[in-house]
Every structure is written in C-alpha cells, then in structure tokens.
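Next comes upload_29.txt, a file with compact mmCIF, C-alpha atoms and all ligand atoms.
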```
# COMPACT_ATOMS: atom_id res chain seq x y z
CA MET A 1 -1.09 -5.85 34.28
CA ALA A 2 -2.68 -2.99 32.37
CA ALA A 3 -6.34 -2.36 33.09
CA ALA A 4 -8.83 -3.86 30.70
CA LEU A 5 -10.52 -1.38 28.37
CA LYS A 6 -14.07 -1.36 27.13
CA PHE A 7 -15.21 0.11 23.81
CA SER A 8 -18.71 -0.03 22.49
CA GLY A 9 -20.42 0.62 19.21
CA PRO A 10 -21.03 -0.92 15.80
CA VAL A 11 -18.11 -3.15 14.81
CA LEU A 12 -17.35 -3.14 11.10
CA PRO A 13 -17.55 -4.74 8.62
CA ASP A 14 -20.92 -6.18 9.69
CA GLY A 15 -21.82 -3.18 11.85
CA GLU A 16 -23.28 -5.18 14.70
CA ALA A 17 -23.35 -3.12 17.93
CA ARG A 18 -21.11 -4.80 20.49
CA GLU A 19 -19.08 -4.20 23.60
CA VAL A 20 -15.44 -4.83 22.82
CA TYR A 21 -13.07 -5.52 25.68
CA VAL A 22 -9.33 -5.27 25.35
CA VAL A 23 -7.21 -7.39 27.65
CA GLU A 24 -3.47 -7.86 27.29
CA GLY A 25 -3.40 -6.72 23.73
CA ARG A 26 -6.30 -8.80 22.52
CA VAL A 27 -9.98 -8.41 21.83
CA THR A 28 -12.58 -10.29 23.81
CA TYR A 29 -16.34 -10.15 23.90
CA GLU A 30 -16.48 -11.78 27.33
CA PRO A 31 -17.41 -8.98 29.74
CA VAL A 32 -14.48 -8.04 31.99
CA ALA A 33 -15.46 -6.79 35.44
CA GLY A 34 -13.94 -3.40 36.24
CA ALA A 35 -12.90 -2.66 32.65
CA GLU A 36 -12.26 1.00 32.11
CA ARG A 37 -14.70 2.60 29.71
CA ALA A 38 -12.64 4.00 26.83
CA VAL A 39 -14.40 5.38 23.77
CA ASP A 40 -17.72 4.67 22.11
CA GLY A 41 -18.15 4.87 18.37
CA TRP A 42 -17.83 2.98 15.10
CA ILE A 43 -15.06 0.41 15.47
CA VAL A 44 -13.02 -0.47 12.38
CA PRO A 45 -10.30 -3.17 12.20
CA GLY A 46 -6.87 -1.49 12.01
CA LEU A 47 -6.31 0.21 8.69
CA VAL A 48 -3.81 -1.23 6.24
CA ASP A 49 -1.69 0.82 3.88
CA ALA A 50 -0.74 -1.63 1.17
CA HIS A 51 1.67 0.74 -0.56
CA CYS A 52 3.67 3.08 1.61
CA HIS A 53 7.35 3.97 2.01
CA LEU A 54 8.88 4.40 5.45
CA GLY A 55 12.30 6.00 5.62
CA LEU A 56 11.99 7.52 2.17
CA GLY A 57 12.05 11.25 1.48
CA GLU A 58 12.13 13.28 -1.71
CA ALA A 59 15.89 12.84 -2.09
CA GLY A 60 16.14 9.23 -0.91
CA GLY A 61 16.65 7.70 2.52
CA VAL A 62 15.97 9.76 5.65
CA SER A 63 17.11 9.55 9.28
CA ASP A 64 15.59 7.25 11.87
CA GLU A 65 14.05 10.31 13.57
CA GLU A 66 12.28 11.29 10.38
CA THR A 67 11.22 7.69 9.73
CA GLU A 68 9.74 7.55 13.22
CA GLN A 69 7.80 10.73 12.54
CA GLN A 70 6.45 9.25 9.28
CA ALA A 71 5.33 6.10 11.10
CA ILE A 72 3.62 8.14 13.81
CA GLU A 73 1.76 10.20 11.21
CA ASP A 74 0.58 7.00 9.53
CA ARG A 75 -0.48 5.52 12.86
CA ASP A 76 -2.33 8.63 13.95
CA GLY A 77 -4.25 8.49 10.67
CA GLY A 78 -5.41 5.00 11.64
CA THR A 79 -2.87 2.92 9.68
CA LEU A 80 -1.82 0.06 11.94
CA LEU A 81 -0.34 -2.29 9.33
CA ILE A 82 1.96 -1.12 6.55
CA ARG A 83 3.15 -3.08 3.57
CA ASP A 84 6.25 -1.09 2.73
CA CYS A 85 6.75 -0.94 -1.03
CA GLY A 86 10.44 -0.15 -1.06
CA SER A 87 12.78 1.81 1.15
CA PRO A 88 16.48 2.56 0.80
CA VAL A 89 17.04 2.43 4.57
CA ASP A 90 16.85 -0.42 7.05
CA THR A 91 13.58 -0.01 8.94
CA ARG A 92 13.69 -3.28 10.84
CA TRP A 93 13.91 -1.33 14.11
CA VAL A 94 10.34 -0.09 13.56
CA GLN A 95 9.18 -3.65 14.13
CA GLU A 96 10.66 -3.59 17.64
CA ARG A 97 8.55 -0.60 18.61
CA GLU A 98 5.25 -1.42 20.30
CA ASP A 99 3.94 2.09 19.61
CA LEU A 100 4.53 2.06 15.83
CA PRO A 101 2.45 0.35 13.15
CA ARG A 102 3.11 -3.24 12.26
CA LEU A 103 5.34 -3.37 9.22
CA ILE A 104 5.87 -5.77 6.34
CA ARG A 105 8.96 -4.72 4.40
CA ALA A 106 9.93 -5.32 0.78
CA GLY A 107 13.59 -4.35 1.09
CA ARG A 108 14.77 -1.81 -1.44
CA HIS A 109 13.21 -1.06 -4.83
CA ILE A 110 15.01 -2.80 -7.68
CA ALA A 111 15.28 -0.71 -10.84
CA ARG A 112 17.23 -0.52 -14.08
CA THR A 113 20.33 1.66 -13.95
CA ARG A 114 19.35 5.36 -14.12
CA ARG A 115 15.74 4.41 -14.78
CA TYR A 116 14.10 5.51 -11.53
CA LEU A 117 14.11 8.32 -8.99
CA ARG A 118 17.65 9.04 -7.81
CA ASN A 119 18.86 7.45 -4.58
CA TYR A 120 15.77 5.28 -4.17
CA ALA A 121 16.57 1.97 -5.72
CA ASP A 122 19.15 -0.75 -6.04
CA GLU A 123 19.89 -0.07 -9.72
CA VAL A 124 21.05 -2.99 -11.84
CA GLU A 125 21.45 -4.14 -15.43
CA PRO A 126 19.57 -7.22 -16.68
CA ASP A 127 22.44 -9.60 -15.85
CA GLY A 128 22.32 -8.46 -12.21
CA LEU A 129 18.57 -8.59 -11.72
CA THR A 130 18.19 -12.12 -10.36
CA ALA A 131 20.97 -11.66 -7.81
CA ALA A 132 19.47 -8.34 -6.69
CA VAL A 133 16.08 -9.96 -6.24
CA ALA A 134 17.58 -12.80 -4.19
CA GLU A 135 19.34 -10.25 -1.97
CA GLN A 136 16.24 -8.13 -1.38
CA ALA A 137 14.14 -11.24 -0.79
CA GLN A 138 16.43 -12.05 2.11
CA ARG A 139 16.32 -8.48 3.45
CA GLY A 140 12.54 -8.13 3.33
CA ASP A 141 9.56 -9.72 5.01
CA GLY A 142 8.25 -11.80 2.15
CA TRP A 143 7.95 -9.20 -0.60
CA VAL A 144 10.21 -7.84 -3.32
CA LYS A 145 9.49 -4.62 -5.19
CA LEU A 146 10.48 -4.19 -8.83
CA VAL A 147 10.26 -1.04 -10.88
CA GLY A 148 8.47 -2.59 -13.83
CA ASP A 149 8.53 0.40 -16.13
CA TRP A 150 9.84 3.94 -16.22
CA ILE A 151 10.69 6.52 -18.80
CA SER A 152 13.43 5.41 -21.16
CA ARG A 153 15.28 8.54 -22.21
CA ASP A 154 16.54 6.70 -25.29
CA ASP A 155 13.02 5.88 -26.45
CA GLY A 156 11.52 9.10 -25.07
CA ASP A 157 8.65 7.06 -23.71
CA LEU A 158 7.55 4.81 -20.90
CA ALA A 159 9.15 1.37 -21.39
CA PRO A 160 9.66 -1.86 -19.46
CA SER A 161 12.74 -1.67 -17.23
CA PHE A 162 13.99 -5.14 -18.21
CA PRO A 163 13.33 -7.71 -20.96
CA ALA A 164 10.45 -10.05 -20.12
CA ALA A 165 12.76 -13.09 -19.83
CA ASP A 166 14.84 -11.36 -17.16
CA PHE A 167 11.74 -10.36 -15.24
CA ALA A 168 10.53 -13.96 -15.41
CA ALA A 169 13.82 -15.34 -14.06
CA ALA A 170 13.75 -12.74 -11.28
CA ILE A 171 10.20 -13.64 -10.25
CA THR A 172 11.15 -17.31 -10.13
CA ALA A 173 14.20 -16.46 -7.99
CA ALA A 174 12.06 -14.46 -5.55
CA HIS A 175 9.56 -17.29 -5.27
CA ASP A 176 12.41 -19.73 -4.68
CA HIS A 177 13.42 -17.52 -1.74
CA GLY A 178 9.87 -17.56 -0.40
CA ALA A 179 9.12 -13.98 -1.37
CA LYS A 180 6.21 -12.58 -3.35
CA VAL A 181 6.84 -10.01 -6.03
CA THR A 182 5.14 -6.75 -6.82
CA ALA A 183 6.02 -4.18 -9.45
CA HIS A 184 5.54 -0.53 -10.18
CA CYS A 185 3.69 -0.51 -13.51
CA PHE A 186 2.33 2.64 -15.11
CA GLY A 187 2.20 1.50 -18.74
CA ARG A 188 0.83 -1.43 -20.68
CA ASP A 189 3.84 -3.09 -22.31
CA VAL A 190 5.36 -4.56 -19.17
CA LEU A 191 2.23 -6.25 -17.89
CA THR A 192 1.79 -9.38 -19.99
CA GLY A 193 5.31 -10.62 -19.27
CA LEU A 194 5.04 -10.01 -15.54
CA LEU A 195 1.65 -11.66 -15.26
CA GLU A 196 2.64 -14.67 -17.32
CA ALA A 197 5.73 -15.04 -15.13
CA GLY A 198 3.51 -15.31 -12.06
CA ILE A 199 3.87 -11.92 -10.40
CA ASP A 200 1.78 -11.61 -7.22
CA CYS A 201 0.70 -7.98 -7.25
CA ILE A 202 0.71 -4.91 -9.49
CA GLU A 203 1.19 -1.37 -8.17
CA HIS A 204 -0.58 1.55 -9.93
CA GLY A 205 -1.67 -0.62 -12.89
CA THR A 206 -2.93 2.21 -15.09
CA GLY A 207 -1.97 0.24 -18.20
CA LEU A 208 -4.07 -2.82 -17.42
CA ALA A 209 -6.18 -3.99 -20.33
CA GLU A 210 -9.01 -6.48 -20.61
CA GLU A 211 -6.54 -9.22 -21.61
CA HIS A 212 -4.74 -8.93 -18.25
CA LEU A 213 -7.71 -8.76 -15.94
CA GLY A 214 -9.06 -12.27 -16.43
CA LEU A 215 -5.68 -13.76 -15.58
CA MET A 216 -5.33 -11.54 -12.51
CA ALA A 217 -8.78 -12.43 -11.22
CA GLU A 218 -8.26 -16.13 -11.87
CA ARG A 219 -4.92 -16.23 -10.05
CA GLY A 220 -5.84 -13.71 -7.35
CA VAL A 221 -3.13 -11.28 -8.44
CA ALA A 222 -3.74 -8.12 -6.44
CA LEU A 223 -3.88 -4.55 -7.70
CA VAL A 224 -2.97 -1.56 -5.54
CA PRO A 225 -4.15 1.31 -7.72
CA THR A 226 -2.77 4.27 -5.69
CA VAL A 227 -5.27 6.75 -7.07
CA MET A 228 -3.71 9.70 -5.22
CA GLN A 229 -0.50 8.95 -7.12
CA THR A 230 -2.14 8.50 -10.53
CA GLU A 231 -4.00 11.77 -9.97
CA ARG A 232 -0.59 13.38 -10.55
CA PHE A 233 -0.14 12.07 -14.08
CA PRO A 234 -1.07 15.41 -15.69
CA GLU A 235 1.83 17.01 -13.78
CA TYR A 236 4.22 14.36 -15.10
CA ALA A 237 2.88 14.86 -18.61
CA TRP A 238 3.34 18.61 -18.31
CA SER A 239 6.91 18.42 -17.05
CA GLY A 240 7.89 16.02 -19.86
CA ARG A 241 6.05 17.77 -22.68
CA GLU A 242 9.08 19.38 -24.36
CA ARG A 243 11.84 16.84 -23.97
CA PHE A 244 9.68 13.71 -24.05
CA PRO A 245 6.50 14.38 -26.02
CA ALA A 246 5.75 10.69 -26.59
CA TYR A 247 6.02 10.02 -22.85
CA SER A 248 3.82 13.00 -22.21
CA ARG A 249 1.15 11.60 -24.54
CA THR A 250 1.39 8.11 -23.06
CA ILE A 251 1.00 9.30 -19.49
CA THR A 252 -1.89 11.57 -20.46
CA ASP A 253 -3.63 8.69 -22.17
CA LEU A 254 -3.19 6.50 -19.08
CA PHE A 255 -4.62 9.28 -16.96
CA VAL A 256 -7.63 9.78 -19.20
CA HIS A 257 -8.50 6.07 -18.98
CA ARG A 258 -7.58 5.48 -15.36
CA ARG A 259 -11.11 5.41 -14.01
CA ALA A 260 -12.33 2.99 -16.68
CA THR A 261 -9.24 0.83 -16.11
CA LEU A 262 -9.79 0.67 -12.38
CA MET A 263 -13.49 -0.11 -12.67
CA ALA A 264 -12.81 -2.80 -15.29
CA ALA A 265 -10.41 -4.44 -12.82
CA TYR A 266 -13.03 -4.27 -10.10
CA ASP A 267 -15.73 -5.66 -12.40
CA ALA A 268 -13.43 -8.50 -13.47
CA GLY A 269 -13.00 -9.52 -9.83
CA VAL A 270 -9.36 -8.46 -9.39
CA PRO A 271 -8.71 -7.99 -5.65
CA LEU A 272 -7.99 -4.31 -5.01
CA TYR A 273 -6.23 -2.84 -1.99
CA ALA A 274 -5.65 0.70 -0.80
CA GLY A 275 -2.15 2.15 -0.96
CA SER A 276 -1.41 5.78 -0.20
CA ASP A 277 2.06 5.76 -1.82
CA ASN A 278 2.99 8.07 1.06
CA GLY A 279 6.71 8.66 1.39
CA GLY A 280 8.98 10.19 -1.20
CA VAL A 281 7.25 13.35 -2.33
CA SER A 282 3.96 12.85 -0.50
CA ARG A 283 3.27 13.26 3.18
CA HIS A 284 2.41 10.36 5.48
CA GLY A 285 -0.82 9.79 7.37
CA ASN A 286 -3.19 10.18 4.45
CA LEU A 287 -4.55 6.70 3.82
CA ALA A 288 -8.03 8.17 4.34
CA GLY A 289 -7.45 10.24 1.22
CA GLU A 290 -6.82 7.08 -0.77
CA VAL A 291 -10.01 5.38 0.46
CA ILE A 292 -12.00 8.50 -0.41
CA GLY A 293 -10.24 8.56 -3.81
CA LEU A 294 -11.10 4.92 -4.52
CA ALA A 295 -14.74 5.59 -3.79
CA ALA A 296 -14.66 8.71 -5.96
CA MET A 297 -13.47 6.52 -8.84
CA GLY A 298 -16.65 4.46 -8.49
CA LEU A 299 -15.91 1.68 -6.02
CA PRO A 300 -18.66 1.02 -3.48
CA ARG A 301 -17.80 2.65 -0.15
CA GLU A 302 -17.78 -0.66 1.69
CA TYR A 303 -15.39 -2.16 -0.86
CA ALA A 304 -13.10 0.88 -0.66
CA LEU A 305 -12.92 0.74 3.13
CA GLY A 306 -12.49 -3.03 3.14
CA ALA A 307 -9.58 -2.50 0.73
CA ALA A 308 -7.91 -0.51 3.51
CA SER A 309 -9.01 -2.69 6.41
CA TRP A 310 -10.55 -6.14 6.75
CA ARG A 311 -9.86 -7.45 3.22
CA ALA A 312 -6.32 -6.12 3.20
CA ARG A 313 -5.64 -7.56 6.64
CA GLU A 314 -6.70 -10.98 5.45
CA TRP A 315 -4.64 -10.67 2.27
CA LEU A 316 -1.52 -9.94 4.31
CA GLY A 317 -2.11 -12.78 6.74
CA TRP A 318 -3.73 -10.95 9.65
CA ASN A 319 -7.11 -11.32 11.28
CA ALA A 320 -9.59 -9.78 8.89
CA GLY A 321 -12.02 -8.71 11.56
CA LEU A 322 -12.07 -8.22 15.31
CA THR A 323 -12.87 -11.80 16.18
CA GLU A 324 -12.55 -13.19 19.68
CA GLY A 325 -8.88 -13.26 20.63
CA ALA A 326 -7.72 -11.15 17.66
CA PRO A 327 -4.92 -8.63 18.25
CA ALA A 328 -6.52 -5.40 19.49
CA ASP A 329 -5.65 -3.19 16.54
CA PHE A 330 -8.57 -0.95 15.65
CA VAL A 331 -9.72 2.59 15.06
CA VAL A 332 -12.79 4.21 16.58
CA TYR A 333 -14.71 6.94 14.78
CA ASP A 334 -17.52 9.05 16.16
CA ALA A 335 -19.69 8.55 13.07
CA ASP A 336 -20.24 5.78 10.55
CA PRO A 337 -17.44 5.85 7.94
CA LEU A 338 -19.53 3.72 5.59
CA ALA A 339 -22.15 6.47 5.47
CA ASP A 340 -19.53 9.16 4.90
CA LEU A 341 -15.91 8.21 4.20
CA SER A 342 -14.67 11.66 5.22
CA VAL A 343 -15.20 10.43 8.79
CA LEU A 344 -11.91 8.53 8.23
CA LEU A 345 -10.02 11.83 8.27
CA ARG A 346 -10.73 12.22 11.99
CA PRO A 347 -10.15 9.08 14.08
CA ALA A 348 -11.55 9.49 17.59
CA CYS A 349 -9.22 6.86 19.02
CA VAL A 350 -6.50 4.58 17.69
CA VAL A 351 -5.79 1.31 19.50
CA LEU A 352 -2.62 -0.60 18.62
CA ARG A 353 -1.58 -3.84 20.33
CA GLY A 354 -4.25 -3.12 22.93
CA ARG A 355 -3.01 0.34 23.84
CA VAL A 356 -4.60 3.69 23.07
CA VAL A 357 -1.88 5.35 21.00
CA ALA A 358 -3.78 8.31 19.55
ZN ZN B 401 5.49 3.90 -4.21
```

Hey, can you dump this file as structure tokens for me?
Amino acid sequence: MAAALKFSGPVLPDGEAREVYVVEGRVTYEPVAGAERAVDGWIVPGLVDAHCHLGLGEAGGVSDEETEQQAIEDRDGGTLLIRDCGSPVDTRWVQEREDLPRLIRAGRHIARTRRYLRNYADEVEPDGLTAAVAEQAQRGDGWVKLVGDWISRDDGDLAPSFPAADFAAAITAAHDHGAKVTAHCFGRDVLTGLLEAGIDCIEHGTGLAEEHLGLMAERGVALVPTVMQTERFPEYAWSGRERFPAYSRTITDLFVHRRATLMAAYDAGVPLYAGSDNGGVSRHGNLAGEVIGLAAMGLPREYALGAASWRAREWLGWNAGLTEGAPADFVVYDADPLADLSVLLRPACVVLRGRVVA
C-alpha cells in the first residue's frame, strides 16, 4: 500500500484551512498516523477543461504519442478532468491510464460536408445527420458535438450548418441514445432552433441574444464561452476580408459585442464553464489562460475559477469539492489563486487519483 500523504492549507472554494490526507486515492480529514508530509498551500479541486480536444492537431488526428503529450501538458497545468469536445481519433485508451486526466469524450465532431476544418469532422448532409449523431452517441461518453454554424461559401457568410428541423431530429436522436448534445455556435441564426430543440450546451456562443438567455437559464443550458478562442475573431475577419466580406463583418461584429454578450449570459444566470479549446491550432495546458480571460471579461474571480473547478466538476457528475472520501484529484498552489488568478499558471503540486503526478 502506498504511504498516506498529508497536505495542508486553505481548501477552496470555502478557503477553510485544513489538513488533507490522501489514502488509497481518496481524501480524508481523519488524521492518518505516519502520513508523509507532501506540500502546503492553497488546495483547489482538480481543474476541469470543459472544451478541449485530445488527439487533434492542426491538420486533423495525431498519433497516440502526441495525444499522450497533449494530455500530460493539460495535466501538468492542473487539468484533471477533460470534457473532450470532438476528436477524430479514438482516445479511449487515455481512460485506462492512471497518470492521465480523467476524460469524458464526445466522439467525433459532426459537420456539414465541406463546412468545417478539414480532416476534423464526420461530414454529412442533412439526410445523414441523425444516423451520424446516433453513431457518435454510441462512441462517446454521453456527449455529442455538432458544428452548429460555419462559413457558407455560397452565402459568403456565417450560416447554420443544417436546417433547424434536421438539428431538432438529431438532438432527439442523441437524447434517445442517452447522450447530451453541444454545438459550436459563433453566430446568432442557429441558436433559436437548437435551444428550442432542447440542446444541452452551447460552445463559444458569441451570437447569443437576450431572447436566448432566459431560456438557457431556465433550462440550465450551459455555455462554454472559450474566450481565448473568440479573442482570435479579428484574425478570422482579416483573413476573410477579400473573399468573404460579409463573413468578415459578421465575425467582427460578434467580436465587438463578445464581452457584453458574455456578461449578459452571466447576469441572466446561464451556467458558464471554462473551456480552453486547446487542441487543433492551440497548444495544450493553458486552462489557466482561459480562467484569467474569463475574469478579464468581467466575471468575478471566484466565479471564473469555479467555472474551471468545483462548479464544472459538479456539472459533469463529479464531486464538486474535496469532501470526505472524494477522489483525491486536486492542485496545490503556493499563493491564493482567488487573490491573483495568475497563480494558476504555476501549480506547486498536482495530485491525480491520490498520486503526485506533477
Ligand atoms: Zn473546439
């Protein structure tokens, strides 16, 4: 049996100073004689990246070696639970690894033919959408990821990927298979149909308007705003300015209003969670950057950190906090992250399944 470990310091979210013992992968507050003193500091329930892509590189799927490296970078940044938001490769093996973050997969992205990044998605036409959703629902761990909107080269602008009726049938099919549905949504037009059809979560959500927020709050539909991703909208607008001027204007307009949109969602009571959107073009291990970004948009620091820790854990069916007997997944910092979120950039110690992994 591995030796018991002892950590001490303020335990977030309430910040009460405690001595935390780790025995056989679990937390206990019952003193354990002979426990080895590990690290003292501010103890935060394992971070959650609610929108991340393992096994995805710029050009599509990557090797298992590269996927492993991505998962290690996320873990070393304090992310101990990942909700994968779409990957072209089978990452089930990650779940067998005690040293890698816990993983909830959504199967592969589902997009309209030639209406998403190349080599990322299962690309289908409207008549194939429901079958594709059923297939991914069976491949994933309770989530399906749709590409809700993308540039339509015919229209020269952002447009819903599928007609609303097809989206609605697909959402029903996913629910029938026991899976929740989330969708990539940059623009406004796709949102009403998805929300009325009972979608469970919206990714990015820069097009959300007042009319959507009440419904989301009432039904507990989550929003993962990915502010590091939406920070890039001016680049997308710039690269599309000559061939797709309407798209360029739309994306600029969404960017200009993104802070007001996010804060309106928060004020309406929509549950927000932190997603780095790492994978693809962006490096892994930077969930801290997203929490800092959420706070910079105006969210209270405690809300922003909870969106990447205790509230997100609860949303995804894990122990919110480090209660007696909870799995010992936590991160220790040598200063209070609620006083200064940049502390999150430098974890002092990462404990996963009761073992010090970083
Ligand atoms: Zn993404």

Taking 5 positions as the minimum chain separation for residues in the same chain, which residues sit within 10 Å of segment 258-272 of chain A when counting all atoms listed in the file? Answer as an mmCIF file with C-alpha atoms, in the coordinates of the input.
```
data_model
loop_
_atom_site.group_PDB
_atom_site.id
_atom_site.type_symbol
_atom_site.label_atom_id
_atom_site.label_comp_id
_atom_site.auth_asym_id
_atom_site.auth_seq_id
_atom_site.Cartn_x
_atom_site.Cartn_y
_atom_site.Cartn_z
ATOM 1 C CA ALA A 50 -0.740 -1.630 1.170
ATOM 2 C CA CYS A 201 0.700 -7.980 -7.250
ATOM 3 C CA ILE A 202 0.710 -4.910 -9.490
ATOM 4 C CA HIS A 204 -0.580 1.550 -9.930
ATOM 5 C CA GLY A 205 -1.670 -0.620 -12.890
ATOM 6 C CA THR A 206 -2.930 2.210 -15.090
ATOM 7 C CA GLY A 207 -1.970 0.240 -18.200
ATOM 8 C CA LEU A 208 -4.070 -2.820 -17.420
ATOM 9 C CA ALA A 209 -6.180 -3.990 -20.330
ATOM 10 C CA GLU A 210 -9.010 -6.480 -20.610
ATOM 11 C CA HIS A 212 -4.740 -8.930 -18.250
ATOM 12 C CA LEU A 213 -7.710 -8.760 -15.940
ATOM 13 C CA GLY A 214 -9.060 -12.270 -16.430
ATOM 14 C CA LEU A 215 -5.680 -13.760 -15.580
ATOM 15 C CA MET A 216 -5.330 -11.540 -12.510
ATOM 16 C CA ALA A 217 -8.780 -12.430 -11.220
ATOM 17 C CA GLU A 218 -8.260 -16.130 -11.870
ATOM 18 C CA ARG A 219 -4.920 -16.230 -10.050
ATOM 19 C CA GLY A 220 -5.840 -13.710 -7.350
ATOM 20 C CA VAL A 221 -3.130 -11.280 -8.440
ATOM 21 C CA ALA A 222 -3.740 -8.120 -6.440
ATOM 22 C CA LEU A 223 -3.880 -4.550 -7.700
ATOM 23 C CA VAL A 224 -2.970 -1.560 -5.540
ATOM 24 C CA PRO A 225 -4.150 1.310 -7.720
ATOM 25 C CA VAL A 227 -5.270 6.750 -7.070
ATOM 26 C CA THR A 230 -2.140 8.500 -10.530
ATOM 27 C CA GLU A 231 -4.000 11.770 -9.970
ATOM 28 C CA THR A 252 -1.890 11.570 -20.460
ATOM 29 C CA ASP A 253 -3.630 8.690 -22.170
ATOM 30 C CA LEU A 294 -11.100 4.920 -4.520
ATOM 31 C CA ALA A 296 -14.660 8.710 -5.960
ATOM 32 C CA MET A 297 -13.470 6.520 -8.840
ATOM 33 C CA GLY A 298 -16.650 4.460 -8.490
ATOM 34 C CA LEU A 299 -15.910 1.680 -6.020
ATOM 35 C CA TYR A 303 -15.390 -2.160 -0.860
ATOM 36 C CA ALA A 304 -13.100 0.880 -0.660
ATOM 37 C CA GLY A 306 -12.490 -3.030 3.140
ATOM 38 C CA ALA A 307 -9.580 -2.500 0.730
ATOM 39 C CA ALA A 308 -7.910 -0.510 3.510
ATOM 40 C CA ARG A 311 -9.860 -7.450 3.220
ATOM 41 C CA ALA A 312 -6.320 -6.120 3.200
ATOM 42 C CA TRP A 315 -4.640 -10.670 2.270
#
```

*asked:* Just want the residues within 8 Å of ligand ZN 401 (chain B), written as a PyMOL selection string, counting all atoms listed in the file.
replied: chain A and resi 51-53+85-86+184+203+277-280

*Contacts of Ile82 of chain A at 12 Å (all atoms listed in the file; same-chain gap of 5+ positions) as number ranges by chain*: A: 46-54, 70-72, 74-75, 91, 94-95, 100-106, 141, 273-278, 284-285, 287, 308-309, 312-313, 316, 318

*Quick one: distance from atom CA of Thr79 of chain A to atom CA of Ala38 of chain A in Å, one decimal?*
19.8 Å

*asked:* What's around Lys180 of chain A at 8 Å? Count only C-alpha atoms, leave out sequence neighbours fewer than 2 positions away in its own chain, and write the answer as a PyMOL selection string.
replied: chain A and resi 142-144+174-175+178+182+199-200

*Quick one: of A:Thr113, A:Asp99, A:Glu290, A:Glu73, who's nearest to Asp329 of chain A, counting all atoms listed in the file?*
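Once distances to Asp329 of chain A are computed over all atoms listed in the file, the minimum belongs to A:Asp99.
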
*List every protein, DNA or RNA residue that has at least one atom no more than 10 Å from (11.4, -2.9, -3.2) in the file's coordinates, counting only C-alpha atoms, and write the result as a ChimeraX atom specification.*
/A:53,84-88,105-111,120-122,133,136-137,139-140,143-147,181-184

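Note that the spacing between atom CA of Ala35 of chain A and atom CA of Gly15 of chain A amounts to 22.6 Å.
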
*Kindly give the distance, in Å, that separates atom CA of Phe7 of chain A and atom CA of Val39 of chain A, rounded to a single decimal.*
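For atom CA of Phe7 of chain A relative to atom CA of Val39 of chain A, the distance reads 5.3 Å.
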
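Closest approach to Thr226 of chain A among A:Ser63, A:Ser8, A:Thr192, A:Asn286: A:Asn286, based on only C-alpha atoms.
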
*Write out as a PyMOL selection string which residues come within 9 Å of segment 153-155 of chain A when counting only C-alpha atoms, dropping same-chain ones fewer than 6 positions away.*
chain A and resi 115+244+246-247

*May I have the residues within 6 Å of Val27 of chain A as a list in words, using all atoms listed in the file and disregarding those fewer than 2 positions away in the same chain?*
Tyr21, Val22, Glu324, Gly325, Ala326 and Ala328 of chain A

*asked:* Between A:Glu235, A:Gly61, A:Gln229, A:Thr28, which residue has the minimum interatomic distance to Asn119 of chain A, considering only C-alpha atoms?
replied: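 The closest residue to Asn119 of chain A is A:Gly61.
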
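Distance check against Asp336 of chain A using all atoms listed in the file: of A:Leu305, A:Glu96, A:Val281, A:Arg112, the minimum falls on A:Leu305.
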
*Nearest candidate to Leu117 of chain A (options A:Pro234, A:Gly148, A:Gly60, A:Pro337; using only C-alpha atoms)*: A:Gly60

With 9 Å as the cut-off and all atoms listed in the file counted, what is the closest atom pair between each nearby residue of segment 198-300 of chain A and segment 340-355 of chain A? Distances in Å to one decimal, ordered by chain and number, as CSV.
```
residue,atom,partner,partner_atom,distance
A:Asn286,CA,A:Leu345,CA,8.0
A:Leu287,CA,A:Leu345,CA,8.7
A:Ala288,CA,A:Leu344,CA,5.5
A:Gly289,CA,A:Leu345,CA,7.7
A:Val291,CA,A:Leu341,CA,7.5
A:Ile292,CA,A:Leu341,CA,6.1
A:Ala295,CA,A:Leu341,CA,8.5
```
